[in-house]
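Asks: Have a look at this one before I ask anything.
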Amino acid sequence: DTGVSQNPRHKITKRGQNVTFRCDPISEHNRLYWYRQTLGQGPEFLTYFQNEAQLEKSRLLSDRFSAERPKGSFSTLEIQRTEQGDSAMYLCASSLAGGDYGYTFGSGTRLTVV
Amino acid sequence: EDKVVQSPLSLVVHEGDTVTLNCSYEVTNFRSLLWYKQEKKAPTFLFMLTSSGIEKKSGRLSSILDKKELFSILNITATQTGDSAVYLCAFITDSNYQLIWGAGTKLIIKP
């Protein structure tokens, strides 16, 4: 297992287009998290899953954002009708239930909306 | 509302210096504090601290938590240029296990 994998690494899209990112967590981790990070800020929580169940979604997440983890393994994060304010690094992390062993982050997907 | 404040926001030192980074917090249902190092990509895990007063060490890095005074420090001794990064502290709470992050300290080590 090579850790948490995110694809693509970079995405440039025109405003109004839809984009989808993928995250493959560490295989034995049952929790998966999505965060968004802008320059000079710490990561901002978006949503998390335990297995296939989406247990929490940030109030900051507009209805243009949707995330899935259909089989409790990989997850996708879709942004519809992208806006320039969506430009950020989107980070995925995974952990064992309880998070007591820390979280492992993927390398992120950098989204630029032009 | 949970709050995490890191200081200083940025720090420039010379190679070989020792630095101390601070993380103070007001977090309900505290469970654990984590320190991460972030260079150009995703944060990489450094330490997890749960108990007060127990120092964690890894090479030139060490960290300690004070649950009474609600802060943690991260020390880096004999700094090297490769230590240049943003250092983030984050919290796990008992309520939902999402991470609550500070804004980070940007550390620059000059040769």
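Residues in the structure tokens are named by chain (A, B, ... in the order shown) and by number from 1 within that chain; ligands are numbered from 1 in the order shown.
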Kindly assemble as JSON lines a list of the chain B residues that lie within 8 Å of chain A, each paired with its nearest atom pair and their distance in Å to one decimal, using only C-alpha atoms, sorted first by chain and then by ascending residue number.
Replies:
{"residue": "B:Ser32", "atom": "CA", "partner": "A:Asp100", "partner_atom": "CA", "distance": 7.8}
{"residue": "B:Leu34", "atom": "CA", "partner": "A:Gly102", "partner_atom": "CA", "distance": 7.5}
{"residue": "B:Lys41", "atom": "CA", "partner": "A:Ser107", "partner_atom": "CA", "distance": 5.4}
{"residue": "B:Ala42", "atom": "CA", "partner": "A:Ser107", "partner_atom": "CA", "distance": 4.7}
{"residue": "B:Pro43", "atom": "CA", "partner": "A:Phe105", "partner_atom": "CA", "distance": 6.4}
{"residue": "B:Thr44", "atom": "CA", "partner": "A:Phe105", "partner_atom": "CA", "distance": 7.0}
{"residue": "B:Phe45", "atom": "CA", "partner": "A:Thr104", "partner_atom": "CA", "distance": 7.1}
{"residue": "B:Met48", "atom": "CA", "partner": "A:Gly102", "partner_atom": "CA", "distance": 6.7}
{"residue": "B:Leu88", "atom": "CA", "partner": "A:Gly42", "partner_atom": "CA", "distance": 7.0}
{"residue": "B:Ile92", "atom": "CA", "partner": "A:Gly99", "partner_atom": "CA", "distance": 7.8}
{"residue": "B:Tyr97", "atom": "CA", "partner": "A:Gly98", "partner_atom": "CA", "distance": 6.7}
{"residue": "B:Gln98", "atom": "CA", "partner": "A:Phe45", "partner_atom": "CA", "distance": 7.0}
{"residue": "B:Leu99", "atom": "CA", "partner": "A:Phe45", "partner_atom": "CA", "distance": 7.1}
{"residue": "B:Ile100", "atom": "CA", "partner": "A:Phe45", "partner_atom": "CA", "distance": 7.7}
{"residue": "B:Trp101", "atom": "CA", "partner": "A:Gly42", "partner_atom": "CA", "distance": 5.5}
{"residue": "B:Gly102", "atom": "CA", "partner": "A:Gly42", "partner_atom": "CA", "distance": 5.7}
{"residue": "B:Ala103", "atom": "CA", "partner": "A:Gly42", "partner_atom": "CA", "distance": 4.4}
{"residue": "B:Gly104", "atom": "CA", "partner": "A:Gly42", "partner_atom": "CA", "distance": 6.2}
Asks: Tell me which protein, DNA and RNA residues are within 9 Å of Leu32 of chain A, counting only C-alpha atoms, leaving out same-chain ones fewer than 2 positions away, and put them as a list of chain:residue names.
Replies: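 Contacts, with the query itself left out: A:Cys23, A:Pro25, A:His29, A:Asn30, A:Trp34, A:Thr47, A:Tyr48, A:Phe49, A:Gln50, A:Asn51, A:Arg69, A:Gly72, A:Ser73, A:Phe74, A:Ser75, A:Cys92, A:Ala93, A:Ser94, A:Ser95, A:Leu96.
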Asks: Would you save the residues of that selection, restricted to N, CA, C and O atoms, as a compact mmCIF listing (two decimals), in the first residue's frame?
Replies:
# COMPACT_ATOMS: atom_id res chain seq x y z
N CYS A 23 -10.14 9.94 -4.66
CA CYS A 23 -9.23 9.64 -3.56
C CYS A 23 -9.27 8.15 -3.27
O CYS A 23 -10.34 7.59 -3.06
N PRO A 25 -7.97 5.75 -0.41
CA PRO A 25 -7.36 5.79 0.93
C PRO A 25 -6.47 4.56 1.16
O PRO A 25 -6.40 3.66 0.31
N HIS A 29 -8.01 1.58 6.21
CA HIS A 29 -8.62 2.73 6.88
C HIS A 29 -10.10 2.80 6.52
O HIS A 29 -10.47 2.83 5.35
N ASN A 30 -10.96 2.87 7.54
CA ASN A 30 -12.38 2.92 7.24
C ASN A 30 -12.93 4.35 7.25
O ASN A 30 -14.06 4.58 6.83
N TRP A 34 -12.43 14.70 3.44
CA TRP A 34 -12.08 15.68 2.42
C TRP A 34 -11.90 17.04 3.10
O TRP A 34 -12.72 17.45 3.93
N THR A 47 -16.04 17.17 4.47
CA THR A 47 -16.94 16.07 4.76
C THR A 47 -16.13 14.86 5.15
O THR A 47 -14.92 14.80 4.92
N TYR A 48 -16.79 13.89 5.80
CA TYR A 48 -16.10 12.63 6.05
C TYR A 48 -17.04 11.44 6.01
O TYR A 48 -18.25 11.57 6.19
N PHE A 49 -16.44 10.30 5.74
CA PHE A 49 -17.14 9.02 5.61
C PHE A 49 -16.58 8.02 6.61
O PHE A 49 -15.38 7.98 6.86
N GLN A 50 -17.47 7.21 7.14
CA GLN A 50 -17.03 6.00 7.80
C GLN A 50 -17.59 4.86 6.97
O GLN A 50 -18.81 4.72 6.84
N ASN A 51 -16.70 4.11 6.39
CA ASN A 51 -17.08 3.12 5.37
C ASN A 51 -17.82 3.86 4.26
O ASN A 51 -17.32 4.86 3.76
N ARG A 69 -18.77 7.67 -1.52
CA ARG A 69 -17.82 6.58 -1.25
C ARG A 69 -18.63 5.29 -1.36
O ARG A 69 -18.95 4.65 -0.37
N GLY A 72 -17.27 1.97 0.14
CA GLY A 72 -16.45 2.10 1.33
C GLY A 72 -14.96 2.05 1.07
O GLY A 72 -14.18 1.90 2.01
N SER A 73 -14.58 2.18 -0.19
CA SER A 73 -13.13 2.20 -0.50
C SER A 73 -12.76 3.58 -1.02
O SER A 73 -12.61 4.51 -0.24
N PHE A 74 -12.68 3.75 -2.35
CA PHE A 74 -12.32 5.06 -2.89
C PHE A 74 -13.49 6.03 -2.75
O PHE A 74 -14.65 5.63 -2.54
N SER A 75 -13.16 7.30 -2.86
CA SER A 75 -14.19 8.34 -2.78
C SER A 75 -14.01 9.31 -3.93
O SER A 75 -12.91 9.48 -4.46
N CYS A 92 -7.40 14.90 0.61
CA CYS A 92 -8.10 13.73 1.12
C CYS A 92 -7.22 13.11 2.20
O CYS A 92 -5.99 13.09 2.08
N ALA A 93 -7.83 12.60 3.24
CA ALA A 93 -7.08 11.93 4.30
C ALA A 93 -7.86 10.69 4.72
O ALA A 93 -9.07 10.60 4.52
N SER A 94 -7.16 9.73 5.28
CA SER A 94 -7.85 8.56 5.80
C SER A 94 -7.28 8.20 7.16
O SER A 94 -6.17 8.60 7.52
N SER A 95 -8.08 7.46 7.91
CA SER A 95 -7.64 7.03 9.24
C SER A 95 -8.43 5.79 9.62
O SER A 95 -9.44 5.45 9.01
N LEU A 96 -7.94 5.15 10.67
CA LEU A 96 -8.74 4.10 11.29
C LEU A 96 -9.82 4.76 12.12
O LEU A 96 -9.68 5.92 12.52
Asks: So what do you get for atom CA of Thr50 of chain B versus atom CA of Gln38 of chain B, distance-wise?
Replies: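 Atom-to-atom, atom CA of Thr50 of chain B and atom CA of Gln38 of chain B are spaced 21.5 Å apart.
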Asks: Mind pulling up the distance from atom CA of Asn22 of chain B to atom CA of Trp35 of chain B?
Replies: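 Atom-to-atom, atom CA of Trp35 of chain B to atom CA of Asn22 of chain B, that is 10.7 Å.
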Asks: Env of Glu39 of chain B: 10 Å cut, atoms = only C-alpha atoms, seq-sep filter 3 positions within chain, self excluded. Answer as a VMD selection string.
Replies: chain B and resid 36 42 to 44 82 to 87 106
Asks: What does the file look like for those residues with C-alpha atoms, as a PDB file, in the first residue's frame?
Replies:
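Writing done, so here's again-v6.pdb:
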ATOM      1  CA  TYR B  36       1.979  18.366  10.781  1.00  0.00           C
ATOM      2  CA  ALA B  42      -0.060  17.611   1.640  1.00  0.00           C
ATOM      3  CA  PRO B  43       0.652  17.804   5.360  1.00  0.00           C
ATOM      4  CA  THR B  44       2.901  15.071   6.683  1.00  0.00           C
ATOM      5  CA  GLY B  82      15.093  21.287   4.855  1.00  0.00           C
ATOM      6  CA  ASP B  83      13.061  22.243   7.903  1.00  0.00           C
ATOM      7  CA  SER B  84      11.635  25.183   5.976  1.00  0.00           C
ATOM      8  CA  ALA B  85       7.905  24.535   5.777  1.00  0.00           C
ATOM      9  CA  VAL B  86       4.569  25.475   7.240  1.00  0.00           C
ATOM     10  CA  TYR B  87       3.956  23.749  10.571  1.00  0.00           C
ATOM     11  CA  LYS B 106       5.640  29.504   8.149  1.00  0.00           C
TER      12      LYS B 106
END
Asks: Give me, as a list in words, all polymer residues having an atom no more than 6 Å from Ile12 of chain A, counting only C-alpha atoms and skipping those fewer than 6 positions away in the same chain.
Replies: Leu111, Thr112 and Val113 of chain A
Asks: In Å, with one decimal, what is the gap from atom CA of Cys23 of chain B to atom CA of Cys89 of chain B?
Replies: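 Result for atom CA of Cys23 of chain B versus atom CA of Cys89 of chain B: 6.6 Å, one decimal.
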Asks: For Thr20 of chain B, list every protein, DNA or RNA residue within 10 Å, evaluated using only C-alpha atoms, and leave out those in the same chain fewer than 2 positions away; present the list as a ChimeraX atom specification.
Replies: /B:7-8,11,18,22,61-63,73-77
Asks: Any idea what's packed within 9 Å of His14 of chain B, counting only C-alpha atoms, ignoring anything in its chain fewer than 5 positions away? Could you give it as a PyMOL selection string?
Replies: chain B and resi 79-81+108-111
Asks: Please save N, CA and C atoms of the selected residues as a PDB file, in the first residue's frame.
Replies:
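Result file selection-v4.pdb:
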ATOM      1  N   THR B  79      18.424  23.629  13.467  1.00  0.00           N
ATOM      2  CA  THR B  79      17.601  23.677  12.246  1.00  0.00           C
ATOM      3  C   THR B  79      18.437  23.566  10.975  1.00  0.00           C
ATOM      4  N   GLN B  80      17.808  22.991   9.966  1.00  0.00           N
ATOM      5  CA  GLN B  80      18.436  22.831   8.647  1.00  0.00           C
ATOM      6  C   GLN B  80      17.515  23.450   7.608  1.00  0.00           C
ATOM      7  N   THR B  81      18.046  23.748   6.440  1.00  0.00           N
ATOM      8  CA  THR B  81      17.219  24.386   5.402  1.00  0.00           C
ATOM      9  C   THR B  81      16.031  23.511   5.024  1.00  0.00           C
ATOM     10  N   ILE B 108      11.083  29.668   7.862  1.00  0.00           N
ATOM     11  CA  ILE B 108      12.096  29.767   6.812  1.00  0.00           C
ATOM     12  C   ILE B 108      13.463  29.679   7.471  1.00  0.00           C
ATOM     13  N   ILE B 109      14.260  28.736   7.017  1.00  0.00           N
ATOM     14  CA  ILE B 109      15.611  28.564   7.550  1.00  0.00           C
ATOM     15  C   ILE B 109      16.597  29.058   6.499  1.00  0.00           C
ATOM     16  N   LYS B 110      17.370  30.070   6.848  1.00  0.00           N
ATOM     17  CA  LYS B 110      18.362  30.624   5.921  1.00  0.00           C
ATOM     18  C   LYS B 110      19.702  29.926   6.121  1.00  0.00           C
ATOM     19  N   PRO B 111      20.387  29.630   5.018  1.00  0.00           N
ATOM     20  CA  PRO B 111      21.694  28.955   5.156  1.00  0.00           C
ATOM     21  C   PRO B 111      22.730  29.876   5.787  1.00  0.00           C
TER      22      PRO B 111
END
Asks: Can you pull out every residue from segment 42-86 of chain A that DSSP, working from the backbone, puts in strand (DSSP E), and format the result as a PyMOL selection string?
Replies: chain A and resi 44-50+53-57+65-68+75-79
Asks: Hey, which of A:Ser5, A:Thr38, A:Gln54, A:Ser66 ends up closest to Gly85 of chain A? Count only C-alpha atoms.
Replies: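 Ranked by minimum distance to Gly85 of chain A, first place goes to A:Thr38.
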